[in-house]
Amino acid sequence: MARIRWRRQSRRSNREREARTAADSEQASLAPALRTVNARVEIPEQLAGSKTALEHDQAWLSALRGLGRFIRRKPLGALGAVIVVVMLVMAAFAERIAPYGYDDTIRGARMKAPSAAHWLGTDNLSRDMWSRIVYGARVSITVGFGTIGLAVLLATAVGVSSGYFGGAYDLVVQRVVDAWLSFPYLVIVLSVMAVLGPGLLNVVMALAILIAAVNSRVIRGATITVAQSTYVEAARAVGCGHARIIARHILPNVTATIIILATIGLGTAILAESALSFLGFGVPPPYPAWGAMLSGSGRTYMFRAPWMAIWPGVAISLAVFGFNMLGDALRDVLDPRLRGLAR
Amino acid sequence: MLRRYLAKRLLVAIPSLVIASLIVFTLPRLIPGDVVVLMLAEKAYAKDLEELRAKLGLDRPLPVQYVEWLGRVARGDLGESLWTKRPVLEEIGQRLPLTVELALLGLTFALMIAVPVGVISAARQDTVQDYLARSAAILGLSVPGFWLATLLIVLPAIWWGWRPVSGFVEFSRDAIGHVTQLLLPALILGIATGAALMRLTRGMLLEVLRQDYVRTAWAKGLTERVIVMKHGLRNAIIPVVTLLGTQLPQIIGGTVIIETVFGLPGMSRFLFDAILQRDYPVIQGVNLVVVSVVVLVNLAVDALYAVLDPRIRY
């Protein structure tokens, strides 16, 4: 009953969305005509060659305008985007940004408090904290994107096939997903890590399986809604095969959902990776994972050198905060129907 | 009617439990290479390979092993810890109460924060309070619990020279001291869940407050309090209860970290130690207990719906 009610609701909003898309496409179909009219009026014959350049500029302008609108309407989302970009830059150019290597010991600088020379202080092995945090972004980003890439592939395959084909297949697959979801994520990931052993790839695999299970549910729901729509019915009536319907009609219409899930999932993955590293099941040392920096020596010396325990946590929180904010804003913009979604 | 609904729901829960038990059973057997060799080399759990293999029941075909294992589980026999040599069920029985206590306290904190803040946030949409509450919620979802725990230990020590008392207080020895020591861990445990619940409460309440019957209630001249609490919250609470059920695994997962950080001798800490020692009977046993608890609680949550909303019948 609950599900039926939900489906009916989503079908309704689907109809609304179709109406909206129709209106949009009407505008869109008018736009080139208007543009050509403008072009004819403003551009003399001999300059016709620059028309494409002008159109190019216009595309840029409208993209910029869209960005401006996003910033104005979703200031927190924009803040999230900035944090994400900063993190990406830190991860990509760690060698240039960090003043020291992540494992360089600096003579005579053991557990120094934050200063001009060492912005975030140094740790018990005389390593520069700021440099380690910058390199740590690389671990978080690698694990985050690796996990989400794998998870999205898995979740889309499971969710779309389950939602599209339905029937006994759906029933069986969903019971397996149910079972996965009954495990506390940390318990199951730790158990999987006990089986696989520590290491970057194993962290990614263990987290991906879990996040995929959660996401496949949502993607399945979205697929069911799309699969019931008239255009899919029409495609089937014209004689399209399953593969074509899924590739051309279902997938494009669940892409927004997938993008949102991926953005929010990135935050979850980074948080989970830090928890694993904290417990000693993450990327092995000396490579600096933020979670690992907080455990071990970070906790041993936390009273004498609190900056060792403070900054990595700030980095984790900021990164996850950024992805969550961005994901939230993207969700509101791309697909407001997902608003009730718990992360 | 209610009984039939519950019976049906129970039938759906059984396959989940069976599959979950299969996962629990297969997990240690998925290990690349031979676990037994590894266990023998690392910890010398037995005299030779054959003995350890027989001890773990690994010398028979897999389906036979599974059925035998299920049979033993049904009789309440979860095997013996390789490390402490004591029955796993007994070991878990000693530690489970603390974890349950912690989880329940955490959930209570989460609800105590989430529902009032969510209601205020929705009733005063787009005001300063609302923005503050929403930002705090996202922050609550972003801050790792283990870091928060570290900060709450470190900062008071630096500022006021106050350090937490170490050592675990048994309930039987000092009931008040026992509960007091759990308050801070439980609060940290509840923050992330509370944040998720608050966001959902707010979202659902906003949706309900836009309904026609709420406008009618306003038109009747009812007070805001009655409208928000009676017309609004009661209709918005069901998804929140669902989320509460799905958040339970996360809370239990969180206890792994919280028990480790605060040195509490609960079941999750036991699991963590078992993972470090590759004590597979314990890993299997704890996983099985946890999954069963989660499935049963979700069953109870579904039953609760039927009570909360008489319209719900599957």
# chains A, B, ... in the order shown; residues from 1 in each chain; ligands from 1
>>> interface_residues(of="chain A", to="chain B", cutoff="6 Å", atoms="only C-alpha atoms", output="VMD selection string")
chain A and resid 1 175 179 182 to 184 186 to 187 194 to 195 313 317 320 to 321
>>> write_last_selection(atoms="C-alpha atoms", output="PDB file, in the first residue's frame")
ATOM      1  CA  MET A   1       0.000   0.000   0.000  1.00  0.00           C
ATOM      2  CA  ARG A 175      16.149  -9.770  -0.835  1.00  0.00           C
ATOM      3  CA  ALA A 179      20.340  -8.704   3.615  1.00  0.00           C
ATOM      4  CA  SER A 182      20.863  -5.274   7.492  1.00  0.00           C
ATOM      5  CA  PHE A 183      24.575  -5.261   8.257  1.00  0.00           C
ATOM      6  CA  PRO A 184      26.000  -2.212   9.988  1.00  0.00           C
ATOM      7  CA  LEU A 186      31.356  -0.624   9.649  1.00  0.00           C
ATOM      8  CA  VAL A 187      30.825  -4.177  10.878  1.00  0.00           C
ATOM      9  CA  ALA A 194      39.669  -8.845   7.728  1.00  0.00           C
ATOM     10  CA  VAL A 195      39.159 -11.180   4.806  1.00  0.00           C
ATOM     11  CA  GLY A 313      39.675  16.002  11.684  1.00  0.00           C
ATOM     12  CA  SER A 317      34.880  17.338   8.243  1.00  0.00           C
ATOM     13  CA  VAL A 320      32.622  15.678   3.755  1.00  0.00           C
ATOM     14  CA  PHE A 321      30.763  18.921   4.476  1.00  0.00           C
TER      15      PHE A 321
END
>>> select_by_dssp(residues="region 51-256 of chain B", states="helix (DSSP H, G or I)", output="PyMOL selection string")
chain B and resi 51-56+62-74+88-123+128-142+145-160+175-209+212-219+224-256
>>> write_last_selection(atoms="C-alpha atoms", output="compact mmCIF listing (two decimals), in the first residue's frame")
# COMPACT_ATOMS: atom_id res chain seq x y z
CA GLU B 51 43.48 -30.32 13.32
CA LEU B 52 42.60 -26.65 12.81
CA ARG B 53 40.68 -27.47 9.66
CA ALA B 54 38.65 -30.11 11.49
CA LYS B 55 38.13 -27.71 14.38
CA LEU B 56 36.67 -25.12 12.04
CA LEU B 62 30.48 -26.29 1.73
CA PRO B 63 26.70 -26.97 1.63
CA VAL B 64 27.13 -29.61 4.31
CA GLN B 65 29.11 -27.14 6.40
CA TYR B 66 26.39 -24.51 5.99
CA VAL B 67 23.53 -26.80 7.01
CA GLU B 68 25.50 -28.12 9.96
CA TRP B 69 26.41 -24.61 11.01
CA LEU B 70 22.75 -23.49 10.78
CA GLY B 71 21.73 -26.50 12.84
CA ARG B 72 24.23 -25.61 15.53
CA VAL B 73 23.19 -21.95 15.44
CA ALA B 74 19.56 -22.98 15.88
CA VAL B 88 31.10 -17.45 21.47
CA LEU B 89 27.49 -17.11 22.62
CA GLU B 90 28.59 -16.76 26.22
CA GLU B 91 31.20 -14.14 25.30
CA ILE B 92 28.64 -12.18 23.30
CA GLY B 93 26.04 -12.51 26.04
CA GLN B 94 28.41 -10.80 28.45
CA ARG B 95 29.11 -7.88 26.14
CA LEU B 96 25.82 -7.38 24.30
CA PRO B 97 23.99 -5.51 27.12
CA LEU B 98 26.53 -2.68 27.10
CA THR B 99 26.30 -2.24 23.33
CA VAL B 100 22.50 -2.31 23.46
CA GLU B 101 22.56 0.25 26.26
CA LEU B 102 24.87 2.48 24.26
CA ALA B 103 22.80 2.15 21.08
CA LEU B 104 19.50 2.86 22.86
CA LEU B 105 20.95 5.87 24.67
CA GLY B 106 22.35 7.09 21.35
CA LEU B 107 18.98 6.71 19.65
CA THR B 108 17.29 8.52 22.53
CA PHE B 109 19.69 11.43 22.22
CA ALA B 110 19.18 11.46 18.46
CA LEU B 111 15.40 11.63 18.82
CA MET B 112 15.55 14.18 21.61
CA ILE B 113 17.58 16.50 19.41
CA ALA B 114 16.10 15.70 16.02
CA VAL B 115 12.36 15.95 16.52
CA PRO B 116 12.15 19.28 18.38
CA VAL B 117 14.76 20.94 16.17
CA GLY B 118 13.14 19.52 13.04
CA VAL B 119 9.73 20.81 14.10
CA ILE B 120 11.01 24.29 14.91
CA SER B 121 13.00 24.37 11.70
CA ALA B 122 9.95 23.46 9.61
CA ALA B 123 7.50 25.69 11.46
CA VAL B 128 17.66 32.31 11.08
CA GLN B 129 16.81 29.38 13.36
CA ASP B 130 16.01 27.26 10.33
CA TYR B 131 19.30 28.06 8.59
CA LEU B 132 21.26 27.44 11.74
CA ALA B 133 19.53 24.13 12.36
CA ARG B 134 20.05 22.98 8.76
CA SER B 135 23.71 23.95 8.69
CA ALA B 136 24.24 22.26 12.03
CA ALA B 137 22.57 19.12 10.67
CA ILE B 138 24.84 18.95 7.63
CA LEU B 139 27.80 19.61 9.89
CA GLY B 140 26.61 16.80 12.15
CA LEU B 141 26.58 14.46 9.17
CA SER B 142 30.08 15.53 8.16
CA GLY B 145 32.48 10.57 15.46
CA PHE B 146 35.98 9.46 16.40
CA TRP B 147 37.31 12.97 15.88
CA LEU B 148 34.53 14.51 17.92
CA ALA B 149 35.29 12.03 20.66
CA THR B 150 38.98 12.95 20.53
CA LEU B 151 38.17 16.66 20.69
CA LEU B 152 35.82 16.20 23.62
CA ILE B 153 38.61 14.45 25.47
CA VAL B 154 41.44 16.79 24.41
CA LEU B 155 39.89 20.26 24.60
CA PRO B 156 38.62 20.13 28.21
CA ALA B 157 42.02 18.77 29.20
CA ILE B 158 43.80 21.72 27.57
CA TRP B 159 41.37 24.38 28.70
CA TRP B 160 40.52 23.28 32.20
CA ALA B 175 24.56 2.24 38.62
CA ILE B 176 24.72 6.03 38.37
CA GLY B 177 28.43 6.08 37.60
CA HIS B 178 27.82 3.42 34.96
CA VAL B 179 25.17 5.42 33.13
CA THR B 180 27.08 8.70 33.52
CA GLN B 181 30.14 7.30 31.80
CA LEU B 182 27.96 6.27 28.85
CA LEU B 183 26.37 9.69 28.34
CA LEU B 184 29.16 11.30 26.33
CA PRO B 185 29.81 8.27 24.09
CA ALA B 186 26.08 7.90 23.47
CA LEU B 187 25.72 11.58 22.61
CA ILE B 188 28.49 11.36 20.02
CA LEU B 189 26.96 8.16 18.70
CA GLY B 190 23.59 9.85 18.30
CA ILE B 191 24.75 13.00 16.52
CA ALA B 192 24.94 11.70 12.96
CA THR B 193 21.65 9.84 13.29
CA GLY B 194 20.07 12.86 14.93
CA ALA B 195 21.17 15.03 12.03
CA ALA B 196 19.68 12.66 9.46
CA LEU B 197 16.45 12.38 11.47
CA MET B 198 16.20 16.13 11.88
CA ARG B 199 16.49 16.71 8.15
CA LEU B 200 13.82 14.14 7.44
CA THR B 201 11.48 15.44 10.16
CA ARG B 202 11.80 18.94 8.74
CA GLY B 203 11.27 17.82 5.14
CA MET B 204 8.27 15.67 5.90
CA LEU B 205 6.65 18.25 8.16
CA LEU B 206 7.08 20.94 5.51
CA GLU B 207 5.31 18.71 3.03
CA VAL B 208 2.45 18.01 5.42
CA LEU B 209 2.07 21.67 6.43
CA ASP B 212 -5.24 21.44 2.38
CA TYR B 213 -6.36 20.11 5.73
CA VAL B 214 -3.69 22.18 7.42
CA ARG B 215 -5.02 25.29 5.71
CA THR B 216 -8.48 24.30 6.92
CA ALA B 217 -7.11 23.93 10.42
CA TRP B 218 -5.66 27.44 10.23
CA ALA B 219 -8.98 28.72 8.91
CA GLU B 224 -0.18 26.98 15.76
CA ARG B 225 0.78 24.56 18.46
CA VAL B 226 -2.17 22.29 17.79
CA ILE B 227 -1.76 22.51 14.03
CA VAL B 228 1.95 21.74 14.00
CA MET B 229 1.89 19.04 16.63
CA LYS B 230 -1.43 17.34 15.95
CA HIS B 231 -2.14 17.86 12.27
CA GLY B 232 1.45 18.14 11.18
CA LEU B 233 3.79 16.03 13.22
CA ARG B 234 1.51 13.03 13.54
CA ASN B 235 1.24 12.76 9.79
CA ALA B 236 4.91 13.44 9.19
CA ILE B 237 6.32 10.99 11.69
CA ILE B 238 6.01 7.71 9.76
CA PRO B 239 8.99 8.17 7.43
CA VAL B 240 10.95 9.28 10.47
CA VAL B 241 10.13 5.99 12.19
CA THR B 242 11.25 4.14 9.05
CA LEU B 243 14.53 6.00 9.04
CA LEU B 244 14.95 5.16 12.69
CA GLY B 245 14.78 1.49 11.74
CA THR B 246 17.27 1.86 8.90
CA GLN B 247 19.59 3.95 11.05
CA LEU B 248 19.92 1.20 13.61
CA PRO B 249 22.66 -0.64 11.67
CA GLN B 250 24.55 2.66 11.44
CA ILE B 251 24.27 3.20 15.16
CA ILE B 252 25.55 -0.30 15.85
CA GLY B 253 28.35 0.28 13.33
CA GLY B 254 29.18 3.48 15.18
CA THR B 255 29.55 1.59 18.44
CA VAL B 256 32.61 -0.14 16.96
>>> atom_distance(atom1="CA of Gln58 (chain A)", atom2="CA of Phe70 (chain A)")
18.1 Å
>>> residues_around(residues="Gly146 (chain A)", least_positions_apart="4", cutoff="8 Å", atoms="only C-alpha atoms", output="MDAnalysis selection string")
chainID A and resid 142 150 204
>>> decode(residues="region 274-303 of chain B", atoms="N, CA and C atoms", output="tab-separated table (two decimals), in the first residue's frame")
chain	number	residue	atom	x	y	z
B	274	ALA	N	38.38	-9.33	17.61
B	274	ALA	CA	38.34	-10.61	16.90
B	274	ALA	C	38.83	-10.44	15.47
B	275	ILE	N	38.48	-9.31	14.84
B	275	ILE	CA	38.93	-9.07	13.47
B	275	ILE	C	40.45	-8.94	13.45
B	276	LEU	N	40.99	-8.23	14.43
B	276	LEU	CA	42.44	-8.08	14.49
B	276	LEU	C	43.13	-9.44	14.68
B	277	GLN	N	42.45	-10.34	15.41
B	277	GLN	CA	43.06	-11.64	15.70
B	277	GLN	C	42.61	-12.72	14.75
B	278	ARG	N	41.81	-12.36	13.75
B	278	ARG	CA	41.26	-13.32	12.79
B	278	ARG	C	40.58	-14.48	13.51
B	279	ASP	N	39.78	-14.12	14.51
B	279	ASP	CA	39.06	-15.13	15.29
B	279	ASP	C	37.71	-15.34	14.61
B	280	TYR	N	37.69	-16.23	13.60
B	280	TYR	CA	36.51	-16.31	12.72
B	280	TYR	C	35.23	-16.74	13.40
B	281	PRO	N	35.24	-17.70	14.32
B	281	PRO	CA	33.96	-18.03	14.97
B	281	PRO	C	33.33	-16.81	15.64
B	282	VAL	N	34.17	-15.96	16.24
B	282	VAL	CA	33.63	-14.77	16.89
B	282	VAL	C	33.08	-13.80	15.85
B	283	ILE	N	33.84	-13.57	14.76
B	283	ILE	CA	33.37	-12.66	13.72
B	283	ILE	C	32.01	-13.12	13.21
B	284	GLN	N	31.93	-14.42	12.90
B	284	GLN	CA	30.66	-14.98	12.42
B	284	GLN	C	29.56	-14.80	13.44
B	285	GLY	N	29.85	-15.13	14.68
B	285	GLY	CA	28.84	-15.06	15.73
B	285	GLY	C	28.31	-13.66	15.92
B	286	VAL	N	29.22	-12.68	16.03
B	286	VAL	CA	28.78	-11.30	16.26
B	286	VAL	C	27.97	-10.81	15.06
B	287	ASN	N	28.49	-11.08	13.85
B	287	ASN	CA	27.75	-10.66	12.66
B	287	ASN	C	26.33	-11.22	12.67
B	288	LEU	N	26.21	-12.49	13.01
B	288	LEU	CA	24.90	-13.13	13.00
B	288	LEU	C	23.97	-12.49	14.03
B	289	VAL	N	24.49	-12.25	15.21
B	289	VAL	CA	23.67	-11.64	16.26
B	289	VAL	C	23.21	-10.24	15.82
B	290	VAL	N	24.18	-9.46	15.27
B	290	VAL	CA	23.85	-8.10	14.86
B	290	VAL	C	22.77	-8.10	13.79
B	291	VAL	N	22.95	-8.95	12.77
B	291	VAL	CA	21.99	-8.98	11.67
B	291	VAL	C	20.61	-9.40	12.18
B	292	SER	N	20.57	-10.39	13.06
B	292	SER	CA	19.27	-10.83	13.58
B	292	SER	C	18.59	-9.70	14.33
B	293	VAL	N	19.36	-8.99	15.14
B	293	VAL	CA	18.78	-7.87	15.90
B	293	VAL	C	18.20	-6.84	14.93
B	294	VAL	N	19.00	-6.50	13.88
B	294	VAL	CA	18.54	-5.48	12.94
B	294	VAL	C	17.27	-5.92	12.24
B	295	VAL	N	17.24	-7.16	11.76
B	295	VAL	CA	16.05	-7.63	11.05
B	295	VAL	C	14.84	-7.62	11.98
B	296	LEU	N	15.03	-8.07	13.22
B	296	LEU	CA	13.91	-8.10	14.17
B	296	LEU	C	13.42	-6.68	14.49
B	297	VAL	N	14.36	-5.76	14.67
B	297	VAL	CA	13.94	-4.39	14.99
B	297	VAL	C	13.17	-3.79	13.82
B	298	ASN	N	13.64	-4.06	12.61
B	298	ASN	CA	12.91	-3.53	11.46
B	298	ASN	C	11.51	-4.11	11.37
B	299	LEU	N	11.40	-5.37	11.78
B	299	LEU	CA	10.08	-6.00	11.85
B	299	LEU	C	9.20	-5.25	12.84
B	300	ALA	N	9.79	-4.95	13.99
B	300	ALA	CA	9.06	-4.23	15.02
B	300	ALA	C	8.65	-2.84	14.53
B	301	VAL	N	9.57	-2.21	13.75
B	301	VAL	CA	9.27	-0.89	13.21
B	301	VAL	C	8.06	-0.96	12.28
B	302	ASP	N	8.04	-2.01	11.44
B	302	ASP	CA	6.90	-2.18	10.54
B	302	ASP	C	5.61	-2.39	11.32
B	303	ALA	N	5.71	-3.12	12.42
B	303	ALA	CA	4.53	-3.33	13.24
B	303	ALA	C	4.07	-2.01	13.84
